[in-house]
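**Q** Encoded as structure tokens, here's the structure I'll be asking about.
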Amino acid sequence: MTSLNYTTNIIDSTVKSCLNYHDPHLIFDDEPYKDTLRGTKYLLFPATVYFLPQELADFRCHNCGFTSFYRSGFTPMHLIKVPSVNSTYQTAIAARSARIRCRNCNSTCSASSELTDHSCQISKLLKAKIAARLRMDISAKTIAFEEGVSASTVNRTLDSTRCEFRNNFNFLPLHLCFDEFRGTHNTYHFVCLDADNHAIQTILPNRLKQTIFNYFMRFPAPVRSLVRTVSCDLNSYYVDLIKKPFPNAKIIIDRFHIVQMLNRAVNSMRTDLMNRFDNNSKNYKLFKRNWKLFLKRYDDLNCTHQFYERSQRKWVTAEQLVNQGLQLADQDFRKAYWDYQRLLEVIDDPTPSKIKIFKQCLTEVNQKYSGCRPKASKADKGLLTLYDNLIPVITALEPKYCHYTNGPLEGINRKIKQIQRTAYGYRNFEHLKARIYLQTYLGKDTRSSVKTA
């Protein structure tokens with residue numbers, strides 16, 4: 001008998017070390033064995049759940065409160081799923097619980113372990129592993145298959161993480177970024193980011209102006225008044241929306257979207273100009289083959305290194321090709337090209353004098369097309385859009401605010417697209433939101449810049 005107890009203790013301590021679980025209620029009393037249950041191969045660890053002496057000393061019947069009881073055997077064996085220790089087999093504890101019976105009302109009570117929640121066969125360790133794997137770029141069904149649980153169990157574990165992302169309506173970051181992304185049911189969702197530490201502030205189920213307004217109005221007025229800047233794209237209703245919730249905030253139009261608007265306009269006008277020539281002509285090939293040069297900053301064009309341009313059948317430099325194209329172009333394209341170059345120059349070196357010149361350019365375009373905006377060229381329409389948002393655009397070009405952009409938020413949107421691509425889409429917005437938080441929010445330093453209530 002002494003030898004048997006010594007062997008049992010060795011097995012118990014060894015198995016607990018392997019499973020990384022040390023609950024005194026649970027005693028492993030035999031070596032593990034392999035079995036097939038419902039078509040699944042399991043590695044089973046036999047164990048018994050006992051009452052601790054202190055629990056028996058303080059026991060009172062949960063039915064009648066009587067303190068007298070006697071032992072009544074064990075419950076039938078039940079499986080407790082734990083993280084796998086073998087890639088071929090699912091791992092589970094084949095446990096049975098000690099049972100006692102009340103002498104007064106004859107009701108029974110079984111010993112319980114901290115390994116699982118009440119009436120649950122999935123251990124807390126396995127749930128923690130599933131939650132950790134949800135932070136990786138892997139689908140829920142793949143996690144369910146590899147851990148031997150159902151996809152619904154994985155989603156329930158995902159639902160349990162929502163308490164980690166409750167909003168604190170007494171604090172707001174000093175610098176915010178606004179944008180949207182396409183999510184469930186082909187709907188656009190609003191996302192707000194802390195521009196300093198790139199932590200997600202909130203994700204709303206839609207991008208309607210009233211929904212966004214109602215969310216931010218839940219914050220007290222002193223908290224909202226502390227917000228210094230809000231970065232956004234050229235979406236018109238963002239500019240109108242920001243003014244009331246954040247009376248002291250500077251609106252910053254993302255510089256990438258400013259450049260992108262004129263870039264696309266110039267490129268479209270280059271295409272229209274190219275199509276005026278015969279497809280086999282040198283002029284057509286000049287605009288066709290060298291399209292990147294017309295979108296590059298003029299000061300960065302090489303004016304010394306010559307190369308042989310086959311379409312022109314001569315040795316030229318990059319600057320000579322662009323100048324040749326400008327000579328062939330009409331007045332609208334030349335004006336659009338130099339307006340685009342002026343914008344690139346301001347962004348590269350935002351001095352007050354250059355900003356003033358660009359602002360004057362926008363004002364002149366607005367005066368030129370006053371009352372007849374539909375007649376404006378594609379590039380001038382872009383300049384008119386910038387004029388309509390003149391103050392946010394000029395603010396974005398100032399050196400003081402040039403480092404606040406929507407770049408971090410665009411990176412988050414790219415990660416969100418990857419999350420949806422891996423999962424082949426989401427039908428439940430809350431599941432998508434929780435998965436985004438898990439993969440982008442946890443592990444990040446969320447201490448914003450001087451958060452003050």
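Chain lettering (A, B, ...) mirrors the order of the structure tokens, residue numbering begins at 1 for each chain separately, and ligand numbering begins at 1 in order of display.
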Skipping near chain neighbours, those fewer than 2 positions away, what residues fall within 12 Å of Ile391 (chain A) using only C-alpha atoms, listed as a PyMOL selection string?
**A** chain A and resi 239+250-253+355+359+362+385-389+393-398
**Q** Keeping only N, CA and C atoms, write those residues as a PDB file, in the first residue's frame.
**A**
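Listed below is the output, again-v9.pdb:
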ATOM      1  N   VAL A 239     -15.840  67.121 -41.927  1.00  0.00           N
ATOM      2  CA  VAL A 239     -15.486  68.503 -41.582  1.00  0.00           C
ATOM      3  C   VAL A 239     -16.645  69.177 -40.857  1.00  0.00           C
ATOM      4  N   LYS A 250      -8.334  71.455 -34.231  1.00  0.00           N
ATOM      5  CA  LYS A 250      -7.942  71.814 -35.589  1.00  0.00           C
ATOM      6  C   LYS A 250      -8.259  70.645 -36.522  1.00  0.00           C
ATOM      7  N   ILE A 251      -8.907  70.927 -37.646  1.00  0.00           N
ATOM      8  CA  ILE A 251      -9.224  69.891 -38.627  1.00  0.00           C
ATOM      9  C   ILE A 251      -8.078  69.798 -39.623  1.00  0.00           C
ATOM     10  N   ILE A 252      -7.566  68.578 -39.806  1.00  0.00           N
ATOM     11  CA  ILE A 252      -6.425  68.351 -40.692  1.00  0.00           C
ATOM     12  C   ILE A 252      -6.847  67.388 -41.792  1.00  0.00           C
ATOM     13  N   ILE A 253      -6.777  67.836 -43.037  1.00  0.00           N
ATOM     14  CA  ILE A 253      -7.022  66.954 -44.180  1.00  0.00           C
ATOM     15  C   ILE A 253      -5.737  66.171 -44.466  1.00  0.00           C
ATOM     16  N   ILE A 355       3.408  78.215 -48.864  1.00  0.00           N
ATOM     17  CA  ILE A 355       2.009  77.974 -48.487  1.00  0.00           C
ATOM     18  C   ILE A 355       1.134  79.141 -48.938  1.00  0.00           C
ATOM     19  N   LYS A 359      -1.991  78.898 -51.516  1.00  0.00           N
ATOM     20  CA  LYS A 359      -3.305  79.401 -51.110  1.00  0.00           C
ATOM     21  C   LYS A 359      -3.819  80.418 -52.128  1.00  0.00           C
ATOM     22  N   LEU A 362      -5.231  78.587 -55.159  1.00  0.00           N
ATOM     23  CA  LEU A 362      -6.589  78.070 -54.943  1.00  0.00           C
ATOM     24  C   LEU A 362      -7.621  79.191 -55.041  1.00  0.00           C
ATOM     25  N   THR A 385     -12.162  71.713 -54.991  1.00  0.00           N
ATOM     26  CA  THR A 385     -12.489  70.913 -53.804  1.00  0.00           C
ATOM     27  C   THR A 385     -11.581  71.285 -52.640  1.00  0.00           C
ATOM     28  N   LEU A 386     -10.304  71.500 -52.927  1.00  0.00           N
ATOM     29  CA  LEU A 386      -9.374  71.933 -51.887  1.00  0.00           C
ATOM     30  C   LEU A 386      -9.734  73.319 -51.369  1.00  0.00           C
ATOM     31  N   TYR A 387     -10.221  74.195 -52.271  1.00  0.00           N
ATOM     32  CA  TYR A 387     -10.618  75.533 -51.830  1.00  0.00           C
ATOM     33  C   TYR A 387     -11.826  75.449 -50.894  1.00  0.00           C
ATOM     34  N   ASP A 388     -12.744  74.543 -51.165  1.00  0.00           N
ATOM     35  CA  ASP A 388     -13.918  74.389 -50.296  1.00  0.00           C
ATOM     36  C   ASP A 388     -13.510  73.944 -48.892  1.00  0.00           C
ATOM     37  N   ASN A 389     -12.355  73.296 -48.778  1.00  0.00           N
ATOM     38  CA  ASN A 389     -11.831  72.882 -47.474  1.00  0.00           C
ATOM     39  C   ASN A 389     -10.506  73.616 -47.200  1.00  0.00           C
ATOM     40  N   VAL A 393      -7.044  72.251 -45.240  1.00  0.00           N
ATOM     41  CA  VAL A 393      -5.945  71.939 -46.155  1.00  0.00           C
ATOM     42  C   VAL A 393      -4.701  72.731 -45.783  1.00  0.00           C
ATOM     43  N   ILE A 394      -4.846  74.015 -45.521  1.00  0.00           N
ATOM     44  CA  ILE A 394      -3.698  74.842 -45.141  1.00  0.00           C
ATOM     45  C   ILE A 394      -3.136  74.400 -43.795  1.00  0.00           C
ATOM     46  N   THR A 395      -4.009  73.992 -42.882  1.00  0.00           N
ATOM     47  CA  THR A 395      -3.541  73.479 -41.587  1.00  0.00           C
ATOM     48  C   THR A 395      -2.682  72.240 -41.769  1.00  0.00           C
ATOM     49  N   ALA A 396      -3.094  71.354 -42.696  1.00  0.00           N
ATOM     50  CA  ALA A 396      -2.331  70.128 -42.941  1.00  0.00           C
ATOM     51  C   ALA A 396      -0.954  70.432 -43.524  1.00  0.00           C
ATOM     52  N   LEU A 397      -0.812  71.549 -44.243  1.00  0.00           N
ATOM     53  CA  LEU A 397       0.471  71.897 -44.866  1.00  0.00           C
ATOM     54  C   LEU A 397       1.412  72.621 -43.915  1.00  0.00           C
ATOM     55  N   GLU A 398       0.900  73.097 -42.788  1.00  0.00           N
ATOM     56  CA  GLU A 398       1.752  73.808 -41.836  1.00  0.00           C
ATOM     57  C   GLU A 398       2.718  72.846 -41.149  1.00  0.00           C
TER      58      GLU A 398
END
**Q** With distances taken over only C-alpha atoms, which of A:Cys232, A:Leu44, A:Ala379, A:Ile203 is nearest to Phe178 (chain A)?
**A**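 Nearest to Phe178 (chain A): A:Cys232.
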**Q** Pick from A:Gly382, A:Ser377, A:Arg60, A:Asp299: nearest to Glu345 (chain A), with only C-alpha atoms counted?
**A** A:Asp299
**Q** Identify, on the basis of only C-alpha atoms, every residue whose closest approach to region 305-313 of chain A does not exceed 12 Å; exclude the query and any residue fewer than 4 positions from it along the same chain; express the result as JSON, numbers by chain.
**A** {"A": [279, 280, 281, 282, 283, 284, 285, 286, 287, 288, 289, 290, 301, 317, 318, 319, 320, 321, 324, 325]}
**Q** Output N, CA and C atoms for every residue in the selection just made, as an mmCIF file, in the first residue's frame.
**A**
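The new file result_7.cif reads:
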data_model
loop_
_atom_site.group_PDB
_atom_site.id
_atom_site.type_symbol
_atom_site.label_atom_id
_atom_site.label_comp_id
_atom_site.auth_asym_id
_atom_site.auth_seq_id
_atom_site.Cartn_x
_atom_site.Cartn_y
_atom_site.Cartn_z
ATOM 1 N N ASN A 279 -2.002 55.810 -82.401
ATOM 2 C CA ASN A 279 -1.396 54.841 -81.485
ATOM 3 C C ASN A 279 0.045 54.500 -81.839
ATOM 4 N N ASN A 280 0.420 54.681 -83.086
ATOM 5 C CA ASN A 280 1.782 54.340 -83.518
ATOM 6 C C ASN A 280 2.693 55.562 -83.622
ATOM 7 N N SER A 281 2.211 56.706 -83.237
ATOM 8 C CA SER A 281 3.010 57.923 -83.371
ATOM 9 C C SER A 281 3.978 58.066 -82.197
ATOM 10 N N LYS A 282 5.028 58.878 -82.399
ATOM 11 C CA LYS A 282 5.993 59.126 -81.344
ATOM 12 C C LYS A 282 5.363 59.883 -80.170
ATOM 13 N N ASN A 283 4.461 60.795 -80.493
ATOM 14 C CA ASN A 283 3.832 61.582 -79.431
ATOM 15 C C ASN A 283 2.987 60.699 -78.507
ATOM 16 N N TYR A 284 2.256 59.765 -79.119
ATOM 17 C CA TYR A 284 1.453 58.832 -78.310
ATOM 18 C C TYR A 284 2.357 58.021 -77.385
ATOM 19 N N LYS A 285 3.446 57.496 -77.934
ATOM 20 C CA LYS A 285 4.360 56.662 -77.146
ATOM 21 C C LYS A 285 5.089 57.487 -76.094
ATOM 22 N N LEU A 286 5.308 58.782 -76.371
ATOM 23 C CA LEU A 286 5.948 59.640 -75.375
ATOM 24 C C LEU A 286 5.114 59.715 -74.101
ATOM 25 N N PHE A 287 3.805 59.923 -74.229
ATOM 26 C CA PHE A 287 2.934 60.003 -73.052
ATOM 27 C C PHE A 287 2.610 58.627 -72.487
ATOM 28 N N LYS A 288 2.658 57.596 -73.334
ATOM 29 C CA LYS A 288 2.308 56.250 -72.899
ATOM 30 C C LYS A 288 3.423 55.613 -72.074
ATOM 31 N N ARG A 289 4.644 55.639 -72.594
ATOM 32 C CA ARG A 289 5.746 54.908 -71.986
ATOM 33 C C ARG A 289 6.339 55.645 -70.780
ATOM 34 N N ASN A 290 6.217 56.945 -70.744
ATOM 35 C CA ASN A 290 6.885 57.742 -69.716
ATOM 36 C C ASN A 290 5.889 58.397 -68.755
ATOM 37 N N LEU A 301 13.731 65.227 -61.463
ATOM 38 C CA LEU A 301 14.012 64.665 -62.780
ATOM 39 C C LEU A 301 15.498 64.818 -63.105
ATOM 40 N N THR A 317 17.344 62.941 -71.793
ATOM 41 C CA THR A 317 17.261 62.866 -70.327
ATOM 42 C C THR A 317 15.788 62.868 -69.926
ATOM 43 N N ALA A 318 15.534 62.532 -68.662
ATOM 44 C CA ALA A 318 14.150 62.511 -68.161
ATOM 45 C C ALA A 318 13.529 63.897 -68.233
ATOM 46 N N GLU A 319 14.300 64.927 -67.922
ATOM 47 C CA GLU A 319 13.775 66.288 -67.966
ATOM 48 C C GLU A 319 13.417 66.703 -69.391
ATOM 49 N N GLN A 320 14.221 66.300 -70.364
ATOM 50 C CA GLN A 320 13.929 66.635 -71.759
ATOM 51 C C GLN A 320 12.640 65.978 -72.239
ATOM 52 N N LEU A 321 12.373 64.748 -71.796
ATOM 53 C CA LEU A 321 11.133 64.063 -72.184
ATOM 54 C C LEU A 321 9.915 64.800 -71.647
ATOM 55 N N GLN A 324 9.441 68.035 -73.503
ATOM 56 C CA GLN A 324 8.896 67.767 -74.834
ATOM 57 C C GLN A 324 7.399 67.485 -74.759
ATOM 58 N N GLY A 325 6.976 66.744 -73.740
ATOM 59 C CA GLY A 325 5.559 66.467 -73.566
ATOM 60 C C GLY A 325 4.768 67.719 -73.243
#
**Q** Which of region 65-160 of chain A counts as strand (DSSP E or B) under DSSP, as a PDB file with N, CA and C atoms, in the first residue's frame please?
**A**
ATOM      1  N   PHE A  69     -23.239  14.457   6.995  1.00  0.00           N
ATOM      2  CA  PHE A  69     -23.215  13.847   5.665  1.00  0.00           C
ATOM      3  C   PHE A  69     -22.417  12.549   5.735  1.00  0.00           C
ATOM      4  N   TYR A  70     -22.464  11.810   4.648  1.00  0.00           N
ATOM      5  CA  TYR A  70     -21.628  10.616   4.513  1.00  0.00           C
ATOM      6  C   TYR A  70     -21.217  10.481   3.048  1.00  0.00           C
ATOM      7  N   ARG A  71     -20.106   9.770   2.824  1.00  0.00           N
ATOM      8  CA  ARG A  71     -19.581   9.622   1.481  1.00  0.00           C
ATOM      9  C   ARG A  71     -20.496   8.722   0.652  1.00  0.00           C
ATOM     10  N   SER A  72     -20.664   9.078  -0.634  1.00  0.00           N
ATOM     11  CA  SER A  72     -21.595   8.331  -1.486  1.00  0.00           C
ATOM     12  C   SER A  72     -20.960   8.003  -2.832  1.00  0.00           C
ATOM     13  N   GLY A  73     -19.729   7.541  -2.813  1.00  0.00           N
ATOM     14  CA  GLY A  73     -19.087   7.072  -4.031  1.00  0.00           C
ATOM     15  C   GLY A  73     -18.617   8.211  -4.933  1.00  0.00           C
ATOM     16  N   PHE A  74     -18.681   7.962  -6.243  1.00  0.00           N
ATOM     17  CA  PHE A  74     -18.163   8.913  -7.230  1.00  0.00           C
ATOM     18  C   PHE A  74     -19.170   9.085  -8.365  1.00  0.00           C
ATOM     19  N   HIS A  78     -16.387  11.916 -16.627  1.00  0.00           N
ATOM     20  CA  HIS A  78     -16.676  12.976 -17.591  1.00  0.00           C
ATOM     21  C   HIS A  78     -15.349  13.541 -18.090  1.00  0.00           C
ATOM     22  N   LEU A  79     -15.363  14.041 -19.344  1.00  0.00           N
ATOM     23  CA  LEU A  79     -14.142  14.547 -19.966  1.00  0.00           C
ATOM     24  C   LEU A  79     -14.015  16.049 -19.743  1.00  0.00           C
ATOM     25  N   ILE A  80     -12.792  16.457 -19.456  1.00  0.00           N
ATOM     26  CA  ILE A  80     -12.446  17.879 -19.366  1.00  0.00           C
ATOM     27  C   ILE A  80     -11.373  18.136 -20.413  1.00  0.00           C
ATOM     28  N   LYS A  81     -11.708  18.892 -21.457  1.00  0.00           N
ATOM     29  CA  LYS A  81     -10.754  19.136 -22.536  1.00  0.00           C
ATOM     30  C   LYS A  81      -9.713  20.166 -22.102  1.00  0.00           C
ATOM     31  N   GLN A  90      -6.249  14.549 -29.442  1.00  0.00           N
ATOM     32  CA  GLN A  90      -6.820  15.554 -28.568  1.00  0.00           C
ATOM     33  C   GLN A  90      -6.560  15.137 -27.123  1.00  0.00           C
ATOM     34  N   THR A  91      -6.352  16.117 -26.262  1.00  0.00           N
ATOM     35  CA  THR A  91      -6.015  15.836 -24.871  1.00  0.00           C
ATOM     36  C   THR A  91      -7.203  16.161 -23.982  1.00  0.00           C
ATOM     37  N   ALA A  92      -7.497  15.251 -23.041  1.00  0.00           N
ATOM     38  CA  ALA A  92      -8.605  15.459 -22.111  1.00  0.00           C
ATOM     39  C   ALA A  92      -8.297  14.756 -20.797  1.00  0.00           C
ATOM     40  N   ILE A  93      -8.923  15.230 -19.747  1.00  0.00           N
ATOM     41  CA  ILE A  93      -8.820  14.602 -18.431  1.00  0.00           C
ATOM     42  C   ILE A  93     -10.087  13.796 -18.217  1.00  0.00           C
ATOM     43  N   ALA A  94      -9.938  12.491 -18.015  1.00  0.00           N
ATOM     44  CA  ALA A  94     -11.077  11.611 -17.726  1.00  0.00           C
ATOM     45  C   ALA A  94     -11.300  11.629 -16.221  1.00  0.00           C
ATOM     46  N   ALA A  95     -12.159  12.531 -15.757  1.00  0.00           N
ATOM     47  CA  ALA A  95     -12.295  12.781 -14.328  1.00  0.00           C
ATOM     48  C   ALA A  95     -13.597  12.200 -13.792  1.00  0.00           C
ATOM     49  N   ARG A  96     -13.522  11.816 -12.531  1.00  0.00           N
ATOM     50  CA  ARG A  96     -14.732  11.476 -11.777  1.00  0.00           C
ATOM     51  C   ARG A  96     -14.642  12.216 -10.456  1.00  0.00           C
ATOM     52  N   SER A  97     -15.780  12.644  -9.931  1.00  0.00           N
ATOM     53  CA  SER A  97     -15.807  13.498  -8.744  1.00  0.00           C
ATOM     54  C   SER A  97     -16.330  12.739  -7.543  1.00  0.00           C
ATOM     55  N   ALA A  98     -15.694  12.962  -6.399  1.00  0.00           N
ATOM     56  CA  ALA A  98     -16.181  12.386  -5.141  1.00  0.00           C
ATOM     57  C   ALA A  98     -17.536  12.998  -4.788  1.00  0.00           C
ATOM     58  N   ARG A  99     -18.408  12.171  -4.205  1.00  0.00           N
ATOM     59  CA  ARG A  99     -19.776  12.619  -3.939  1.00  0.00           C
ATOM     60  C   ARG A  99     -20.108  12.355  -2.476  1.00  0.00           C
ATOM     61  N   ILE A 100     -20.790  13.292  -1.856  1.00  0.00           N
ATOM     62  CA  ILE A 100     -21.271  13.115  -0.485  1.00  0.00           C
ATOM     63  C   ILE A 100     -22.778  13.333  -0.464  1.00  0.00           C
ATOM     64  N   ARG A 101     -23.422  12.698   0.550  1.00  0.00           N
ATOM     65  CA  ARG A 101     -24.889  12.745   0.631  1.00  0.00           C
ATOM     66  C   ARG A 101     -25.302  13.254   2.000  1.00  0.00           C
ATOM     67  N   CYS A 102     -26.261  14.153   2.035  1.00  0.00           N
ATOM     68  CA  CYS A 102     -26.764  14.737   3.276  1.00  0.00           C
ATOM     69  C   CYS A 102     -27.604  13.707   4.033  1.00  0.00           C
ATOM     70  N   THR A 108     -27.419  15.108  -2.772  1.00  0.00           N
ATOM     71  CA  THR A 108     -25.997  14.854  -2.968  1.00  0.00           C
ATOM     72  C   THR A 108     -25.273  16.121  -3.422  1.00  0.00           C
ATOM     73  N   CYS A 109     -23.959  16.101  -3.203  1.00  0.00           N
ATOM     74  CA  CYS A 109     -23.089  17.201  -3.629  1.00  0.00           C
ATOM     75  C   CYS A 109     -21.791  16.601  -4.132  1.00  0.00           C
ATOM     76  N   SER A 110     -21.306  17.091  -5.272  1.00  0.00           N
ATOM     77  CA  SER A 110     -20.091  16.557  -5.877  1.00  0.00           C
ATOM     78  C   SER A 110     -18.955  17.561  -5.747  1.00  0.00           C
ATOM     79  N   ILE A 122     -14.983  22.228 -21.034  1.00  0.00           N
ATOM     80  CA  ILE A 122     -13.804  22.857 -21.636  1.00  0.00           C
ATOM     81  C   ILE A 122     -13.058  23.610 -20.539  1.00  0.00           C
TER      82      ILE A 122
END
**Q** Please, which residues of region 95-332 of chain A, numbered as in this document, come out alpha helix (DSSP H) from DSSP, as number ranges by chain?
**A** A: 124-133, 140-147, 151-160, 209-216, 221-224, 236-243, 255-274, 282-289, 291-295, 318-328, 331-332
**Q** What does the structure give for the distance between CA of Glu147 (chain A) and CA of Gly183 (chain A), in Å to one decimal?
**A**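 Distance between the two atoms: 27.6 Å.
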**Q** For Phe169 (chain A), work out the shell of residues within 9 Å, counting only C-alpha atoms and skipping chain neighbours fewer than 4 positions away, then give it as a list in words.
**A**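 Neighbouring residues, sequence-local ones excluded: Phe216, Arg218, Phe219, Pro220 and Val223 of chain A.
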**Q** Write a file of the selected residues as a short mmCIF file (atom, residue, chain, number, x, y, z; two decimals), in the first residue's frame, keeping C-alpha atoms.
**A**
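Output file part18.cif is given in full below:
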data_model
loop_
_atom_site.label_atom_id
_atom_site.label_comp_id
_atom_site.auth_asym_id
_atom_site.auth_seq_id
_atom_site.Cartn_x
_atom_site.Cartn_y
_atom_site.Cartn_z
CA PHE A 216 -18.91 61.61 -29.15
CA ARG A 218 -21.59 60.89 -24.69
CA PHE A 219 -18.28 62.37 -23.52
CA PRO A 220 -18.52 65.35 -21.15
CA VAL A 223 -13.24 66.18 -22.14
#
**Q** Fewer than 5 positions away in the same chain doesn't count, so skip those; otherwise give me all residues within 9 Å of Val191 (chain A), counting only C-alpha atoms, as an NGL selection string.
**A** :A and (177-181 or 200-204 or 207 or 409 or 413)
**Q** Produce a file of the selected residues containing all heavy atoms, as a short mmCIF file (atom, residue, chain, number, x, y, z; two decimals), in the first residue's frame.
**A**
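Listed below is the output, again.cif:
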data_model
loop_
_atom_site.label_atom_id
_atom_site.label_comp_id
_atom_site.auth_asym_id
_atom_site.auth_seq_id
_atom_site.Cartn_x
_atom_site.Cartn_y
_atom_site.Cartn_z
N CYS A 177 -7.89 60.41 -35.34
CA CYS A 177 -7.96 60.16 -36.79
C CYS A 177 -9.32 59.53 -37.10
O CYS A 177 -9.74 58.61 -36.39
CB CYS A 177 -6.84 59.22 -37.24
SG CYS A 177 -5.18 59.86 -37.01
N PHE A 178 -9.99 60.01 -38.15
CA PHE A 178 -11.28 59.49 -38.58
C PHE A 178 -11.14 58.81 -39.93
O PHE A 178 -10.45 59.31 -40.83
CB PHE A 178 -12.31 60.63 -38.72
CG PHE A 178 -12.83 61.18 -37.41
CD1 PHE A 178 -12.31 60.74 -36.21
CD2 PHE A 178 -13.82 62.14 -37.39
CE1 PHE A 178 -12.79 61.25 -35.01
CE2 PHE A 178 -14.31 62.65 -36.20
CZ PHE A 178 -13.78 62.20 -35.01
N ASP A 179 -11.84 57.69 -40.10
CA ASP A 179 -11.91 57.03 -41.40
C ASP A 179 -13.01 55.98 -41.34
O ASP A 179 -13.67 55.81 -40.31
CB ASP A 179 -10.57 56.38 -41.76
CG ASP A 179 -10.40 56.22 -43.28
OD1 ASP A 179 -11.35 56.55 -44.02
OD2 ASP A 179 -9.34 55.77 -43.72
N GLU A 180 -13.21 55.25 -42.44
CA GLU A 180 -14.21 54.19 -42.48
C GLU A 180 -13.64 53.00 -43.24
O GLU A 180 -12.65 53.13 -43.96
CB GLU A 180 -15.51 54.65 -43.13
CG GLU A 180 -15.41 55.01 -44.60
CD GLU A 180 -14.93 56.41 -44.85
OE1 GLU A 180 -15.01 57.24 -43.94
OE2 GLU A 180 -14.44 56.66 -45.98
N PHE A 181 -14.28 51.84 -43.06
CA PHE A 181 -13.88 50.64 -43.79
C PHE A 181 -15.12 49.81 -44.09
O PHE A 181 -16.13 49.91 -43.40
CB PHE A 181 -12.86 49.81 -42.98
CG PHE A 181 -13.41 49.23 -41.70
CD1 PHE A 181 -13.95 47.95 -41.68
CD2 PHE A 181 -13.37 49.94 -40.52
CE1 PHE A 181 -14.45 47.41 -40.51
CE2 PHE A 181 -13.87 49.42 -39.34
CZ PHE A 181 -14.40 48.13 -39.34
N ILE A 200 -6.86 51.96 -31.23
CA ILE A 200 -8.22 52.22 -31.71
C ILE A 200 -9.06 52.80 -30.58
O ILE A 200 -9.13 52.23 -29.48
CB ILE A 200 -8.86 50.93 -32.24
CG1 ILE A 200 -8.10 50.43 -33.48
CG2 ILE A 200 -10.33 51.16 -32.59
CD1 ILE A 200 -8.63 49.13 -34.03
N GLN A 201 -9.70 53.91 -30.85
CA GLN A 201 -10.58 54.54 -29.87
C GLN A 201 -11.96 53.90 -29.91
O GLN A 201 -12.52 53.57 -28.86
CB GLN A 201 -10.68 56.04 -30.13
CG GLN A 201 -11.75 56.76 -29.34
CD GLN A 201 -11.45 56.80 -27.86
OE1 GLN A 201 -10.31 56.68 -27.46
NE2 GLN A 201 -12.49 56.95 -27.05
N THR A 202 -12.53 53.72 -31.09
CA THR A 202 -13.83 53.07 -31.21
C THR A 202 -14.06 52.60 -32.64
O THR A 202 -13.41 53.09 -33.58
CB THR A 202 -14.96 54.05 -30.82
OG1 THR A 202 -16.22 53.35 -30.78
CG2 THR A 202 -15.07 55.19 -31.81
N ILE A 203 -14.97 51.66 -32.78
CA ILE A 203 -15.47 51.21 -34.07
C ILE A 203 -16.99 51.20 -33.98
O ILE A 203 -17.55 50.53 -33.11
CB ILE A 203 -14.95 49.80 -34.43
CG1 ILE A 203 -13.42 49.79 -34.50
CG2 ILE A 203 -15.54 49.33 -35.75
CD1 ILE A 203 -12.84 48.41 -34.75
N LEU A 204 -17.63 51.95 -34.87
CA LEU A 204 -19.09 52.07 -34.84
C LEU A 204 -19.70 51.24 -35.96
O LEU A 204 -19.07 51.01 -36.99
CB LEU A 204 -19.49 53.54 -34.98
CG LEU A 204 -18.96 54.48 -33.89
CD1 LEU A 204 -19.45 55.91 -34.12
CD2 LEU A 204 -19.38 54.00 -32.51
N ARG A 207 -21.35 54.54 -40.59
CA ARG A 207 -20.65 55.83 -40.67
C ARG A 207 -21.63 56.99 -40.82
O ARG A 207 -21.26 58.06 -41.32
CB ARG A 207 -19.69 55.82 -41.85
CG ARG A 207 -20.35 55.60 -43.21
CD ARG A 207 -19.38 55.82 -44.34
NE ARG A 207 -20.03 55.64 -45.64
CZ ARG A 207 -19.44 55.87 -46.80
NH1 ARG A 207 -18.19 56.29 -46.83
NH2 ARG A 207 -20.08 55.66 -47.94
N LEU A 409 -3.95 55.02 -39.52
CA LEU A 409 -5.30 54.47 -39.66
C LEU A 409 -5.45 53.70 -40.96
O LEU A 409 -6.17 52.68 -41.01
CB LEU A 409 -6.33 55.60 -39.59
CG LEU A 409 -7.80 55.20 -39.50
CD1 LEU A 409 -8.02 54.16 -38.42
CD2 LEU A 409 -8.66 56.41 -39.25
N ASN A 413 -6.68 49.85 -41.41
CA ASN A 413 -7.67 49.41 -42.39
C ASN A 413 -7.14 48.26 -43.24
O ASN A 413 -7.89 47.35 -43.61
CB ASN A 413 -8.08 50.58 -43.29
CG ASN A 413 -8.97 51.57 -42.56
OD1 ASN A 413 -9.47 51.30 -41.46
ND2 ASN A 413 -9.18 52.73 -43.15
#
**Q** Considering only C-alpha atoms, return as a count of residues only whatever protein or nucleic-acid residues lie within 9 Å of Lys127 (chain A), sequence-local ones (same chain, fewer than 4 positions apart) excluded.
**A** 9
**Q** Expressed in Å to a single decimal, how great is the separation between CA of Ile419 (chain A) and CA of Leu126 (chain A)?
**A** 22.7 Å
